[in-house]
Every structure is written in structure tokens, then in C-alpha cells.
$ cat coords12.cif   # mmCIF, C-alpha atoms and all ligand atoms
data_structure
#
loop_
_atom_site.label_atom_id
_atom_site.label_comp_id
_atom_site.auth_asym_id
_atom_site.auth_seq_id
_atom_site.Cartn_x
_atom_site.Cartn_y
_atom_site.Cartn_z
CA MET A 1 71.44 141.37 60.61
CA ARG A 2 73.51 140.24 57.60
CA THR A 3 72.72 136.92 55.89
CA VAL A 4 74.93 134.78 53.65
CA GLN A 5 73.33 131.72 52.05
CA VAL A 6 75.49 128.65 51.40
CA GLU A 7 74.18 126.93 48.25
CA LEU A 8 75.04 123.27 47.77
CA GLY A 9 73.03 122.02 44.81
CA ASP A 10 70.03 120.33 46.40
CA ARG A 11 70.63 121.88 49.87
CA SER A 12 71.37 125.27 51.31
CA TYR A 13 71.76 126.88 54.72
CA PRO A 14 71.97 130.42 56.08
CA ILE A 15 74.73 132.16 58.03
CA TYR A 16 73.21 134.92 60.16
CA ILE A 17 75.69 137.58 61.30
CA GLY A 18 74.68 140.29 63.76
CA GLU A 19 74.54 141.56 67.31
CA GLY A 20 72.26 139.87 69.87
CA LEU A 21 71.68 136.62 67.97
CA LEU A 22 72.26 134.46 71.07
CA GLU A 23 69.21 136.11 72.62
CA ARG A 24 67.24 135.08 69.50
CA ALA A 25 68.60 131.51 69.33
CA GLY A 26 65.32 129.78 70.31
CA GLU A 27 63.28 131.69 67.76
CA LEU A 28 65.85 131.10 64.98
CA PHE A 29 66.15 127.36 65.80
CA ALA A 30 62.37 127.04 65.57
CA LEU A 31 62.24 129.03 62.31
CA HIS A 32 64.74 126.59 60.80
CA GLU A 33 62.83 123.54 62.02
CA ILE A 34 65.48 122.27 64.41
CA SER A 35 63.64 119.34 66.00
CA ARG A 36 62.24 119.74 69.52
CA LYS A 37 61.46 115.99 69.70
CA SER A 38 64.77 115.08 71.25
CA LYS A 39 67.55 116.75 73.24
CA LEU A 40 70.02 119.26 71.88
CA LEU A 41 73.62 118.54 72.87
CA ILE A 42 75.53 121.82 73.27
CA VAL A 43 79.30 121.37 73.03
CA THR A 44 81.39 124.29 74.25
CA ASP A 45 84.65 124.96 76.10
CA ASP A 46 85.54 126.16 79.57
CA HIS A 47 86.57 129.66 78.41
CA ILE A 48 83.29 130.25 76.58
CA ALA A 49 80.83 128.52 78.91
CA PRO A 50 81.03 131.08 81.76
CA HIS A 51 80.13 133.89 79.35
CA TYR A 52 77.48 132.43 77.05
CA LEU A 53 76.26 128.92 77.93
CA ALA A 54 73.56 129.91 80.45
CA LEU A 55 72.12 132.53 78.09
CA LEU A 56 71.99 130.07 75.18
CA GLU A 57 70.37 127.31 77.27
CA ASP A 58 67.87 129.78 78.68
CA ARG A 59 66.84 131.08 75.24
CA LEU A 60 66.53 127.56 73.81
CA GLN A 61 64.58 126.21 76.80
CA ALA A 62 62.22 129.19 76.62
CA GLU A 63 61.33 127.98 73.11
CA GLY A 64 60.63 124.41 74.30
CA TYR A 65 64.01 122.77 73.62
CA GLN A 66 65.58 120.35 76.09
CA THR A 67 69.34 120.87 76.38
CA LYS A 68 72.35 118.96 77.66
CA ALA A 69 75.78 120.66 77.76
CA HIS A 70 79.24 119.13 77.46
CA VAL A 71 82.14 121.49 78.30
CA VAL A 72 85.63 120.59 77.02
CA PRO A 73 88.92 122.24 78.03
CA GLY A 74 89.64 125.32 75.87
CA GLY A 75 92.36 125.02 73.23
CA GLU A 76 93.56 122.91 70.31
CA ALA A 77 94.36 119.88 72.50
CA SER A 78 90.60 119.22 72.74
CA LYS A 79 90.49 118.33 69.03
CA SER A 80 91.52 114.77 69.96
CA LEU A 81 90.08 111.27 69.74
CA GLN A 82 90.02 111.12 73.54
CA VAL A 83 87.84 114.22 73.90
CA TYR A 84 85.72 113.04 70.95
CA GLU A 85 85.02 109.81 72.84
CA GLU A 86 84.09 111.76 76.00
CA VAL A 87 81.55 113.85 74.06
CA MET A 88 80.16 110.67 72.48
CA THR A 89 79.73 109.17 75.96
CA THR A 90 77.73 112.22 77.05
CA ALA A 91 75.58 111.97 73.91
CA ILE A 92 74.79 108.30 74.56
CA GLN A 93 74.15 108.79 78.29
CA ALA A 94 71.87 111.77 77.57
CA GLY A 95 69.86 109.56 75.23
CA LEU A 96 70.36 111.52 72.01
CA ASP A 97 68.60 109.87 69.08
CA ARG A 98 68.47 110.35 65.33
CA SER A 99 66.25 113.42 65.62
CA SER A 100 68.67 115.15 68.01
CA THR A 101 70.90 118.07 67.08
CA VAL A 102 74.47 118.85 68.14
CA VAL A 103 75.12 122.56 68.75
CA ALA A 104 78.70 123.90 68.65
CA LEU A 105 79.04 127.03 70.80
CA GLY A 106 82.63 128.14 70.31
CA GLY A 107 85.59 128.61 68.01
CA GLY A 108 87.04 126.31 65.40
CA VAL A 109 88.11 123.73 67.96
CA VAL A 110 84.62 123.23 69.36
CA GLY A 111 83.10 123.51 65.86
CA ASP A 112 85.39 120.88 64.32
CA LEU A 113 85.06 118.52 67.31
CA ALA A 114 81.28 118.84 67.76
CA GLY A 115 80.80 118.63 64.00
CA PHE A 116 82.72 115.36 63.89
CA VAL A 117 80.53 114.04 66.73
CA ALA A 118 77.42 115.09 64.76
CA ALA A 119 78.79 113.50 61.57
CA THR A 120 79.38 110.15 63.26
CA TYR A 121 76.81 109.80 66.08
CA MET A 122 74.37 107.14 64.81
CA ARG A 123 76.04 107.74 61.40
CA GLY A 124 75.09 111.38 61.34
CA ILE A 125 72.65 113.76 63.04
CA ASP A 126 71.86 117.46 62.60
CA PHE A 127 74.32 120.13 63.54
CA VAL A 128 74.18 123.90 64.26
CA GLN A 129 77.22 126.17 64.47
CA ILE A 130 77.29 129.14 66.86
CA PRO A 131 80.77 130.58 66.21
CA THR A 132 82.34 132.73 68.95
CA THR A 133 85.73 133.54 67.40
CA ILE A 134 86.76 135.60 64.37
CA LEU A 135 88.54 132.58 62.98
CA ALA A 136 85.31 130.60 63.10
CA HIS A 137 83.87 132.61 60.17
CA ASP A 138 85.99 130.08 58.25
CA SER A 139 85.57 126.93 60.36
CA SER A 140 81.79 127.19 60.88
CA VAL A 141 81.10 127.31 57.14
CA GLY A 142 81.70 124.58 54.59
CA GLY A 143 81.29 121.36 56.53
CA LYS A 144 84.87 120.23 57.16
CA VAL A 145 84.83 118.64 60.63
CA ALA A 146 87.71 116.76 62.23
CA VAL A 147 89.96 115.94 65.15
CA ASN A 148 93.76 115.90 65.03
CA HIS A 149 96.18 112.98 65.18
CA PRO A 150 99.47 113.73 67.00
CA LEU A 151 101.27 113.27 63.66
CA ALA A 152 98.99 115.40 61.48
CA LYS A 153 96.25 118.05 61.70
CA ASN A 154 92.60 117.25 60.95
CA MET A 155 93.54 113.71 59.97
CA ILE A 156 90.36 112.05 61.29
CA GLY A 157 87.24 113.75 59.98
CA ALA A 158 84.31 114.05 57.62
CA PHE A 159 82.30 116.47 55.53
CA HIS A 160 79.13 117.34 57.45
CA GLN A 161 77.34 120.62 56.77
CA PRO A 162 75.53 122.54 59.53
CA LYS A 163 71.81 123.28 59.16
CA LEU A 164 72.31 126.81 60.38
CA VAL A 165 75.10 129.18 61.46
CA LEU A 166 74.32 131.89 64.09
CA TYR A 167 77.16 134.37 64.38
CA ASP A 168 76.57 136.77 67.28
CA LEU A 169 79.12 139.57 66.96
CA ASN A 170 78.73 140.50 70.63
CA THR A 171 80.47 137.26 71.65
CA LEU A 172 83.66 138.47 69.96
CA LEU A 173 84.06 141.24 72.54
CA THR A 174 85.47 138.81 75.14
CA LEU A 175 88.12 137.33 72.81
CA PRO A 176 91.74 137.57 74.02
CA PRO A 177 93.83 139.87 71.73
CA ARG A 178 96.05 137.02 70.51
CA GLU A 179 92.92 135.14 69.34
CA VAL A 180 91.65 138.28 67.61
CA ARG A 181 94.89 138.48 65.59
CA SER A 182 94.88 134.76 64.82
CA GLY A 183 91.30 134.91 63.52
CA LEU A 184 92.06 137.89 61.31
CA ALA A 185 94.71 135.80 59.50
CA GLU A 186 91.92 133.72 57.88
CA VAL A 187 90.02 136.92 57.02
CA VAL A 188 93.14 138.21 55.24
CA LYS A 189 93.48 134.79 53.54
CA HIS A 190 90.04 135.19 51.97
CA GLY A 191 91.18 138.50 50.45
CA LEU A 192 94.48 137.05 49.25
CA ILE A 193 92.88 134.07 47.47
CA TRP A 194 89.83 135.74 45.94
CA ASP A 195 89.44 139.49 46.16
CA GLU A 196 92.24 142.06 45.87
CA ALA A 197 89.83 144.90 46.78
CA PHE A 198 88.87 143.11 50.01
CA ALA A 199 92.56 142.55 50.84
CA GLY A 200 93.02 146.32 50.36
CA TRP A 201 89.99 147.03 52.56
CA CYS A 202 91.50 144.82 55.31
CA ASP A 203 94.76 146.76 55.04
CA GLU A 204 92.92 150.09 55.43
CA HIS A 205 90.71 148.91 58.29
CA ALA A 206 93.24 146.85 60.28
CA ALA A 207 93.15 149.15 63.31
CA GLU A 208 89.34 148.99 63.55
CA LEU A 209 89.31 145.22 63.17
CA LEU A 210 92.01 144.76 65.85
CA ALA A 211 90.02 147.06 68.14
CA LEU A 212 86.89 144.90 67.64
CA ASN A 213 84.86 147.62 65.96
CA LEU A 214 81.64 145.65 65.38
CA PRO A 215 80.41 147.29 62.15
CA ALA A 216 83.87 146.74 60.59
CA LEU A 217 83.96 143.16 61.87
CA GLY A 218 80.43 142.53 60.60
CA TYR A 219 81.46 143.58 57.09
CA ALA A 220 84.75 141.60 57.18
CA LEU A 221 83.06 138.42 58.43
CA GLU A 222 80.23 138.71 55.92
CA ARG A 223 82.76 139.11 53.09
CA GLY A 224 84.93 136.24 54.42
CA CYS A 225 81.91 133.93 54.83
CA SER A 226 80.59 134.79 51.42
CA ILE A 227 83.94 134.10 49.70
CA LYS A 228 84.14 130.80 51.56
CA ALA A 229 80.53 129.95 50.64
CA GLN A 230 81.20 130.66 46.95
CA VAL A 231 84.28 128.42 46.88
CA VAL A 232 82.58 125.57 48.77
CA SER A 233 79.43 125.80 46.60
CA GLY A 234 81.52 124.92 43.57
CA ASP A 235 83.39 121.97 45.12
CA GLU A 236 81.89 120.75 48.40
CA ARG A 237 84.20 117.76 48.89
CA GLU A 238 87.46 119.28 47.69
CA ASN A 239 87.86 117.41 44.45
CA GLY A 240 89.62 120.44 43.00
CA GLN A 241 89.12 124.16 43.41
CA ARG A 242 88.17 124.09 47.13
CA ALA A 243 91.85 123.47 47.87
CA ILE A 244 92.54 127.19 47.28
CA LEU A 245 91.17 127.71 50.83
CA ASN A 246 94.37 126.00 51.93
CA LEU A 247 96.64 128.98 51.14
CA GLY A 248 99.38 128.91 53.78
CA HIS A 249 98.21 125.61 55.23
CA THR A 250 100.82 123.22 53.77
CA ILE A 251 103.51 124.87 55.88
CA GLY A 252 101.03 126.08 58.54
CA HIS A 253 99.60 122.66 59.43
CA ALA A 254 103.10 121.19 59.61
CA LEU A 255 104.17 123.96 62.02
CA GLU A 256 101.14 123.32 64.25
CA ALA A 257 101.97 119.61 64.49
CA VAL A 258 105.74 120.08 64.96
CA GLY A 259 105.36 122.78 67.63
CA GLY A 260 102.79 120.72 69.56
CA TYR A 261 99.11 121.65 69.08
CA GLY A 262 98.33 125.07 70.54
CA THR A 263 101.94 126.33 70.63
CA LEU A 264 101.33 128.33 67.48
CA LEU A 265 97.66 129.23 67.02
CA HIS A 266 96.12 128.17 63.70
CA GLY A 267 96.01 131.71 62.30
CA GLU A 268 99.61 132.36 63.37
CA ALA A 269 100.81 129.17 61.67
CA ILE A 270 99.03 129.96 58.42
CA SER A 271 100.31 133.54 58.51
CA ILE A 272 103.85 132.16 58.38
CA GLY A 273 102.68 129.68 55.73
CA MET A 274 101.18 132.46 53.57
CA VAL A 275 104.52 134.31 53.60
CA GLY A 276 106.19 131.01 52.60
CA SER A 277 103.71 130.61 49.72
CA ALA A 278 104.48 134.15 48.53
CA MET A 279 108.21 133.32 48.60
CA LEU A 280 107.66 130.11 46.62
CA ALA A 281 105.48 131.92 44.05
CA VAL A 282 108.00 134.73 43.52
CA GLY A 283 110.73 132.06 43.23
CA ARG A 284 108.73 130.63 40.33
CA GLY A 285 108.49 133.91 38.47
CA LYS A 286 105.31 135.47 39.84
CA PRO A 287 105.36 139.29 40.36
CA ALA A 288 107.91 140.29 43.01
CA ASP A 289 105.51 142.66 44.81
CA ILE A 290 103.44 139.68 46.06
CA LEU A 291 105.93 139.02 48.87
CA PRO A 292 106.26 142.52 50.40
CA ARG A 293 102.51 143.13 50.05
CA THR A 294 101.60 139.83 51.74
CA LYS A 295 104.10 140.43 54.55
CA SER A 296 103.10 144.01 55.21
CA LEU A 297 99.41 143.08 55.32
CA LEU A 298 100.05 140.31 57.87
CA GLU A 299 102.39 142.54 59.90
CA LYS A 300 99.64 145.16 60.05
CA PHE A 301 97.61 142.57 61.95
CA GLU A 302 100.64 141.88 64.20
CA LEU A 303 100.84 138.31 62.93
CA PRO A 304 104.06 136.29 62.88
CA THR A 305 105.95 135.82 59.61
CA ALA A 306 108.89 133.76 60.94
CA ILE A 307 109.35 130.11 61.90
CA PRO A 308 110.28 129.97 65.60
CA GLU A 309 113.94 129.24 66.32
CA GLY A 310 114.95 125.61 66.74
CA TRP A 311 112.14 124.04 64.68
CA GLU A 312 114.00 121.69 62.35
CA ASP A 313 113.45 121.36 58.58
CA GLU A 314 113.34 117.57 58.75
CA ALA A 315 110.49 117.56 61.29
CA ILE A 316 108.54 120.16 59.30
CA LEU A 317 109.05 118.31 56.00
CA SER A 318 108.05 115.03 57.60
CA ALA A 319 104.84 116.58 58.96
CA MET A 320 104.10 117.92 55.45
CA MET A 321 104.42 114.40 54.03
CA HIS A 322 101.67 113.20 56.41
CA ASP A 323 99.32 115.96 55.33
CA LYS A 324 96.19 115.21 53.30
CA LYS A 325 97.63 117.45 50.60
CA PHE A 326 100.60 115.10 50.05
CA ARG A 327 99.58 112.84 47.15
CA GLU A 328 101.52 110.51 44.87
CA ASP A 329 104.85 111.71 46.28
CA GLN A 330 103.99 115.37 45.67
CA MET A 331 103.53 118.22 48.09
CA VAL A 332 100.57 120.34 47.03
CA PHE A 333 100.91 124.09 47.59
CA VAL A 334 98.48 126.94 46.98
CA LEU A 335 100.54 129.77 45.52
CA PRO A 336 99.56 133.35 44.68
CA ASP A 337 99.48 134.44 41.06
CA ARG A 338 98.96 137.96 42.30
CA ILE A 339 97.13 139.47 45.31
CA GLY A 340 93.53 138.19 45.03
CA LYS A 341 94.23 135.13 42.86
CA VAL A 342 95.92 131.79 43.58
CA ASN A 343 96.86 128.54 41.85
CA ILE A 344 97.19 124.97 43.03
CA VAL A 345 100.75 123.78 42.39
CA LYS A 346 101.61 120.09 42.62
CA ASP A 347 105.23 119.84 41.53
CA MET A 348 107.04 121.68 44.32
CA THR A 349 110.48 120.20 45.02
CA VAL A 350 111.94 119.49 48.45
CA ALA A 351 114.85 121.82 47.58
CA GLU A 352 112.49 124.74 46.91
CA VAL A 353 110.62 124.11 50.17
CA LYS A 354 113.84 123.79 52.20
CA ASP A 355 115.11 127.05 50.79
CA VAL A 356 111.90 128.81 51.87
CA LEU A 357 111.93 127.22 55.34
CA GLY A 358 115.44 128.65 55.76
CA ARG A 359 114.29 132.11 54.68
CA LEU A 360 111.25 131.93 57.00
CA ARG A 361 113.58 131.20 59.89
CA GLU A 362 115.48 134.41 59.16
CA GLU A 363 112.32 136.57 59.21
CA LYS A 364 111.74 138.91 62.16
CA GLN A 365 110.07 137.10 65.11
CA HIS A 366 106.76 138.59 66.27
CA VAL A 367 105.33 136.09 68.78
N1 LIG A 401 86.66 123.31 59.56
C1 LIG A 401 87.26 124.28 58.91
O1 LIG A 401 86.96 124.58 57.75
C2 LIG A 401 88.30 125.09 59.62
C3 LIG A 401 88.70 126.32 59.08
C4 LIG A 401 89.65 127.06 59.77
C5 LIG A 401 90.17 126.59 60.97
N2 LIG A 401 89.75 125.39 61.46
C6 LIG A 401 90.23 124.91 62.76
O2 LIG A 401 89.79 125.84 63.74
C7 LIG A 401 90.66 125.72 64.89
C8 LIG A 401 91.01 127.09 65.41
O3 LIG A 401 89.82 127.77 65.75
P1 LIG A 401 89.85 129.04 66.73
O4 LIG A 401 90.96 129.93 66.36
O5 LIG A 401 88.48 129.56 66.78
O6 LIG A 401 90.33 128.38 68.08
P2 LIG A 401 89.58 127.94 69.43
O7 LIG A 401 88.30 127.28 69.13
O8 LIG A 401 90.59 127.20 70.22
O9 LIG A 401 89.27 129.33 70.14
C9 LIG A 401 90.35 130.15 70.48
C10 LIG A 401 90.44 130.38 72.00
O10 LIG A 401 89.54 131.41 72.35
C11 LIG A 401 88.63 130.95 73.36
N3 LIG A 401 87.36 131.57 73.01
C12 LIG A 401 86.56 131.24 71.98
N4 LIG A 401 85.56 132.12 71.88
C13 LIG A 401 85.72 133.00 72.89
C14 LIG A 401 85.01 134.16 73.29
N5 LIG A 401 83.98 134.59 72.59
N6 LIG A 401 85.43 134.82 74.38
C15 LIG A 401 86.53 134.40 75.05
N7 LIG A 401 87.27 133.33 74.70
C16 LIG A 401 86.86 132.65 73.62
C17 LIG A 401 88.65 129.46 73.27
O11 LIG A 401 88.31 128.88 74.48
C18 LIG A 401 90.10 129.20 72.88
O12 LIG A 401 90.91 129.24 74.03
C19 LIG A 401 91.86 124.93 64.44
O13 LIG A 401 91.78 123.64 64.96
C20 LIG A 401 91.72 124.89 62.93
O14 LIG A 401 92.30 123.75 62.37
C21 LIG A 401 88.83 124.64 60.81
O1 LIG A 402 87.39 124.72 54.29
C1 LIG A 402 88.43 124.44 53.70
O2 LIG A 402 88.45 123.72 52.69
C2 LIG A 402 89.73 124.95 54.18
O3 LIG A 402 90.77 124.54 53.70
C3 LIG A 402 89.72 125.98 55.28
C4 LIG A 402 90.98 125.98 56.12
O4 LIG A 402 91.13 127.30 56.63
C5 LIG A 402 90.88 125.05 57.33
O5 LIG A 402 91.99 125.25 58.16
C6 LIG A 402 90.66 123.60 57.03
O6 LIG A 402 90.36 122.89 58.21
C7 LIG A 402 91.84 122.92 56.41
O7 LIG A 402 91.41 121.73 55.88
P1 LIG A 402 92.33 120.46 55.66
O8 LIG A 402 91.50 119.59 54.78
O9 LIG A 402 93.59 120.92 55.01
O10 LIG A 402 92.58 119.88 56.99
ZN ZN A 403 92.60 127.34 58.20
#
$ encode --input "coords12.cif" --output "C-alpha cells" --more "lines below"
Ligand SMILES: NC(=O)c1ccc[n+]([C@@H]2O[C@H](COP(=O)([O-])OP(=O)(O)OC[C@H]3O[C@@H](n4cnc5c(N)ncnc54)[C@H](O)[C@@H]3O)[C@@H](O)[C@H]2O)c1
Ligand SMILES: O=C(O)C(=O)C[C@@H](O)[C@H](O)[C@H](O)COP(=O)(O)O
Ligand SMILES: [Zn+2]
Amino acid sequence: MRTVQVELGDRSYPIYIGEGLLERAGELFALHEISRKSKLLIVTDDHIAPHYLALLEDRLQAEGYQTKAHVVPGGEASKSLQVYEEVMTTAIQAGLDRSSTVVALGGGVVGDLAGFVAATYMRGIDFVQIPTTILAHDSSVGGKVAVNHPLAKNMIGAFHQPKLVLYDLNTLLTLPPREVRSGLAEVVKHGLIWDEAFAGWCDEHAAELLALNLPALGYALERGCSIKAQVVSGDERENGQRAILNLGHTIGHALEAVGGYGTLLHGEAISIGMVGSAMLAVGRGKPADILPRTKSLLEKFELPTAIPEGWEDEAILSAMMHDKKFREDQMVFVLPDRIGKVNIVKDMTVAEVKDVLGRLREEKQHV
């Protein structure tokens, strides 16, 4: 088992990564003093539940925990205020109290939704993340929890850290191939923002990662989680440097909203956004090799690098203006300095962005 510790000044929590951790859930909950006094609410989705919910409930109940499950429809549309209210109703009807814990068994959708329930139920109760997607190495760590508004991604949310993250690599074996690719986009992002050697390692091991080779995935997810933990440790509430985790997201989030949530998967949208960021950076004088290297790395993971046909500039720009990163009339972009290092740039002009949207439309379509 690999362990990454997230240090947050006066608090810290572990991320356990390994095979067979679902079987050990009861023991690990007890070790980390997750309260048995009141019910655990497990939030999951209808693609994950048939595979893993019974096992998790069984292992927790064997250790003396009482559980209640709420299953939402799989997919991005469940990150909504309506589904949030439905989960809240279950929590109230099940009699959860302030010593209860919400458990997210799933990908980033379930994690963000359940985390927002945990952050707001009785003004905040404990929370455990059990990620089941590759992408969730990013979403289960760092405490950003949210639901979407139709006009903008993650617009309604909070910062609420989990007490514990249990990452059972075996759960990844049932992921659909498109979700595997989407999740690997955030793994690549962690290399691009922080660690050129890790970006190179991803390039060399792309075939193993796409084929769900568990030792390779274990290393990649440990490295991704530890880069994320380091960034979040220095700036938990995104007053500055944490924003580097948003590489590709200014364009990516706008594409997710404009296309209708779930049309482009999150990792696909930020893949296109990361190519856009490389174009913007090179346009501002950064080394020209950033663009071909970024593109070829993403193409190795069979990720899209083009904006789908028919998605209009005006709609994309308008979605960008609703983003949390739009402040004082400025669009904030994270741009590469080189592979492995990025900068936060606040003075991007609409003309520069429009030019790049045009070029992204001309890229080869992959999805
Ligand atoms: N909070 C953060 O810091 C953060 C970071 C990155 C992304 N996110 C958010 O995460 C979300 C995307 O997360 P995601 O890509 O995990 O999507 P997801 O949660 O929708 O999961 C992807 C799909 O795979 C299915 N699935 C999940 N695990 C499975 C398994 N083990 N076997 C079979 N099917 C499985 C799900 O039902 C879903 O259909 C987006 O909403 C994004 O904004 C949040
Ligand atoms: O944890 C962060 O900080 C990130 O930016 C990670 C991103 O990958 C993630 O998609 C996050 O939800 C985006 O945050 P937002 O504040 O831009 O909604
Ligand atoms: Zn993201």
C-alpha cells in the first residue's frame, strides 16, 4: 500500500492507495476514528453501486458501522442542486446527526456532490472519499466540493477536506475506456504543471496506463496525489498558487458548460484547454516546443485537442466570463513557462483568446 499525507497546518489526512482496500474499509475507518455513534451515509452512483456498494457496506457493518446508501444517476448531470437536495432529504430521513460521516464511493461527480452535502449538512459533518476513477486522484484530494449551475461549472460549493481517502486500485478495472482516458488527462496535468520528469514518465508509460496496468497506475496516482497535496498544502483556499491546478480549465470549464454537462468529459475538456494554454503561452513568447510536446503527450493518451464543430466563440467566451477565475474584468489563465512549470496570467485579451479558439477548432478531431 502507498500512502500520501496531506498536510494542512494544524490538520492532516492520509490517502491510501493500493489493491484490496475496499475489503479493509471497516478496519481503516476504525483506525482513523470514524465515529460509530451515528449512521454513515454512503453516496454512490448507479454504475458503481452494482460492483462495489454491497462489499463496502458489508465490510463497514462487520466493523460495527450502521450504513445508509443513496444512489444517484451516473454522470455529470448529478452534480446539480436538485440531486443535492435529494441526498439531503435522505440524510435527514435517515436521522444523520453531527457525529455522522458522509462517504463518497465514486468518481469526481459523487465526490464533489457528497462532499458538498457533508460541508453543508448541519453546517458541516465528517467526510471520507473512496475514489473509483483515475480522475478522482485529483477530485478526492484537496477539499474542493461543489455542484454545477447550468451557466457555470462548480459554481455552488465549499472547501471541506475529507478525513481519509481510500483508493482501491482494483475498482479501476471496471472503468469504461473513455473514462480511463479522461482521468489520465488530470494525471498528465500534474506533470505539466509541476514535474517535467513525471510528464516524461507518463509519455513513456502511456500504453501501460491505458491498459490499466495496476503497478503503473499505482505509481502515477501516487505521484499525481502527492503533487496535488503539495500544492494544496501551501494554499488551501486558493488565495494564490493553488490556481496552478487549473491549467486547461479556463477553456475546459467553458466547453463543459457550453456543450451541456457530460457531452465532453471533464478530462477531455481540459485536454483541449491545455492545448489552448500552450498556444497562448507560445503566442506570448514562451518556448515554441511547449505546444508540440503538450499535444503529442495528450494524443498519446488518445485525448481530444480540438473544439467540436459548431461550438461558437461567443458562447464559450460568455461561459468564461461566468467562471470563478474571471475577476475585475480579467480572464485568468494558467500558462506554461515550459513543460513542468506554469504561471498565472491575468491580463489575457479577448482577441488573444478568440484567436486560440479559432485555432483549436482547426485541430484534428479525436472524439
Ligand atoms: N474537486 C476537485 O478538486 C475536482 C478535481 C477534478 C475534477 N473534479 C470534478 O470531477 C468530475 C469528473 O469526475 P470523474 O471523471 O471521476 O467522473 P464521474 O464521477 O462521472 O465518473 C465517470 C463515469 O464512470 C463511472 N464510474 C466511476 N467509477 C467506476 C468504476 N470503478 N467502474 C465503472 N464505472 C465507474 C461513473 O458512474 C461515471 O459514469 C467533474 O465534475 C469535475 O469537475 C473535481
Ligand atoms: O483542486 C483544485 O484547486 C483544482 O483546480 C483541481 C481541478 O482539476 C478541478 O477541476 C477543480 O474542481 C477546479 O476548481 P474550480 O475552482 O476552478 O471549479
Ligand atoms: Zn479538473
$ residues_around --input "coords12.cif" --residues "His47 of chain A" --least-positions-apart "4" --cutoff "9 Å" --atoms "all atoms listed in the file" --output "PyMOL selection string"
chain A and resi 51+73-74
$ closest_residue --input "coords12.cif" --among "A:Leu40, A:Leu22, A:Leu164, A:Ala216" --to "Val4 of chain A" --atoms "all atoms listed in the file"
A:Leu164
$ residues_near_ligand --input "coords12.cif" --ligand "ligand LIG 402 (chain A)" --cutoff "7 Å" --atoms "all atoms listed in the file" --output "PyMOL selection string"
chain A and resi 138-139+142+144+153-155+186+238+242-243+245-246+249+324-325
$ write_last_selection --input "coords12.cif" --atoms "C-alpha atoms" --output "mmCIF file, in the coordinates of the input"
data_model
loop_
_atom_site.group_PDB
_atom_site.id
_atom_site.type_symbol
_atom_site.label_atom_id
_atom_site.label_comp_id
_atom_site.auth_asym_id
_atom_site.auth_seq_id
_atom_site.Cartn_x
_atom_site.Cartn_y
_atom_site.Cartn_z
ATOM 1 C CA ASP A 138 85.990 130.080 58.250
ATOM 2 C CA SER A 139 85.570 126.930 60.360
ATOM 3 C CA GLY A 142 81.700 124.580 54.590
ATOM 4 C CA LYS A 144 84.870 120.230 57.160
ATOM 5 C CA LYS A 153 96.250 118.050 61.700
ATOM 6 C CA ASN A 154 92.600 117.250 60.950
ATOM 7 C CA MET A 155 93.540 113.710 59.970
ATOM 8 C CA GLU A 186 91.920 133.720 57.880
ATOM 9 C CA GLU A 238 87.460 119.280 47.690
ATOM 10 C CA ARG A 242 88.170 124.090 47.130
ATOM 11 C CA ALA A 243 91.850 123.470 47.870
ATOM 12 C CA LEU A 245 91.170 127.710 50.830
ATOM 13 C CA ASN A 246 94.370 126.000 51.930
ATOM 14 C CA HIS A 249 98.210 125.610 55.230
ATOM 15 C CA LYS A 324 96.190 115.210 53.300
ATOM 16 C CA LYS A 325 97.630 117.450 50.600
#
$ residues_around --input "coords12.cif" --residues "Pro304 of chain A" --least-positions-apart "5" --cutoff "10 Å" --atoms "only C-alpha atoms" --output "ChimeraX atom specification"
/A:181-182,185,264,267-273,275,295,298-299,363-367
$ residues_near_point --input "coords12.cif" --point "(111.5, 133.7, 59.9)" --cutoff "8 Å" --atoms "all atoms listed in the file" --output "number ranges by chain"
A: 272, 305-308, 357-365
$ closest_atom_pairs --input "coords12.cif" --of "chain A" --to "ligand LIG 401 (chain A)" --cutoff "6 Å" --atoms "all atoms listed in the file" --output "CSV"
residue,atom,partner,partner_atom,distance
A:Asp45,CA,A:LIG401,O11,5.6
A:His47,CA,A:LIG401,O11,4.4
A:Ile48,CA,A:LIG401,C13,5.2
A:Gly74,CA,A:LIG401,O11,4.0
A:Gly75,CA,A:LIG401,O8,4.1
A:Glu76,CA,A:LIG401,O8,5.2
A:Gly106,CA,A:LIG401,N4,5.2
A:Gly107,CA,A:LIG401,O7,3.2
A:Gly108,CA,A:LIG401,O3,3.2
A:Val109,CA,A:LIG401,O7,3.7
A:Val110,CA,A:LIG401,O7,5.5
A:Asp112,CA,A:LIG401,N1,5.5
A:Thr132,CA,A:LIG401,N4,4.4
A:Thr133,CA,A:LIG401,N4,4.7
A:Leu135,CA,A:LIG401,O5,4.9
A:Ala136,CA,A:LIG401,O5,5.0
A:Asp138,CA,A:LIG401,C3,4.7
A:Ser139,CA,A:LIG401,C2,3.4
A:Lys144,CA,A:LIG401,N1,4.3
A:Val145,CA,A:LIG401,N1,5.1
A:Thr171,CA,A:LIG401,N5,4.5
A:Leu172,CA,A:LIG401,N5,4.7
A:Thr174,CA,A:LIG401,N6,4.1
A:Leu175,CA,A:LIG401,N6,4.0
A:Glu179,CA,A:LIG401,C9,5.7
A:Gly183,CA,A:LIG401,O4,5.7
A:His266,CA,A:LIG401,C19,5.4
$ closest_residue --input "coords12.cif" --among "A:Val102, A:Leu8, A:Leu184, A:Val72" --to "ligand ZN 403 (chain A)" --atoms "only C-alpha atoms and all ligand atoms"
A:Leu184
$ closest_residue --input "coords12.cif" --among "A:Ala220, A:Leu55, A:Val87, A:Leu247" --to "ligand ZN 403 (chain A)" --atoms "only C-alpha atoms and all ligand atoms"
A:Leu247
$ closest_residue --input "coords12.cif" --among "A:Ala114, A:Leu335, A:Val258, A:Leu31" --to "Pro150 of chain A" --atoms "only C-alpha atoms"
A:Val258
$ closest_residue --input "coords12.cif" --among "A:Leu210, A:Ile344, A:Leu53, A:Val188" --to "Leu297 of chain A" --atoms "only C-alpha atoms"
A:Val188
$ residues_around --input "coords12.cif" --residues "segment 58-69 of chain A" --least-positions-apart "4" --cutoff "6 Å" --atoms "all atoms listed in the file" --output "ChimeraX atom specification"
/A:26,36,39-43,54
$ write_last_selection --input "coords12.cif" --atoms "C-alpha atoms" --output "PDB file, in the frame of the given file"
ATOM      1  CA  GLY A  26      65.320 129.780  70.310  1.00  0.00           C
ATOM      2  CA  ARG A  36      62.240 119.740  69.520  1.00  0.00           C
ATOM      3  CA  LYS A  39      67.550 116.750  73.240  1.00  0.00           C
ATOM      4  CA  LEU A  40      70.020 119.260  71.880  1.00  0.00           C
ATOM      5  CA  LEU A  41      73.620 118.540  72.870  1.00  0.00           C
ATOM      6  CA  ILE A  42      75.530 121.820  73.270  1.00  0.00           C
ATOM      7  CA  VAL A  43      79.300 121.370  73.030  1.00  0.00           C
ATOM      8  CA  ALA A  54      73.560 129.910  80.450  1.00  0.00           C
TER       9      ALA A  54
END
$ atom_distance --input "coords12.cif" --atom1 "atom CA of Glu33 of chain A" --atom2 "atom CA of Gln129 of chain A"
14.8 Å
$ axis_aligned_box --input "coords12.cif" --around "segment 95-103 of chain A" --padding-each-side "4 Å" --output "lines of an AutoDock Vina configuration file"
center_x = 70.7
center_y = 116.1
center_z = 70.3
size_x = 16.9
size_y = 21.0
size_z = 17.9
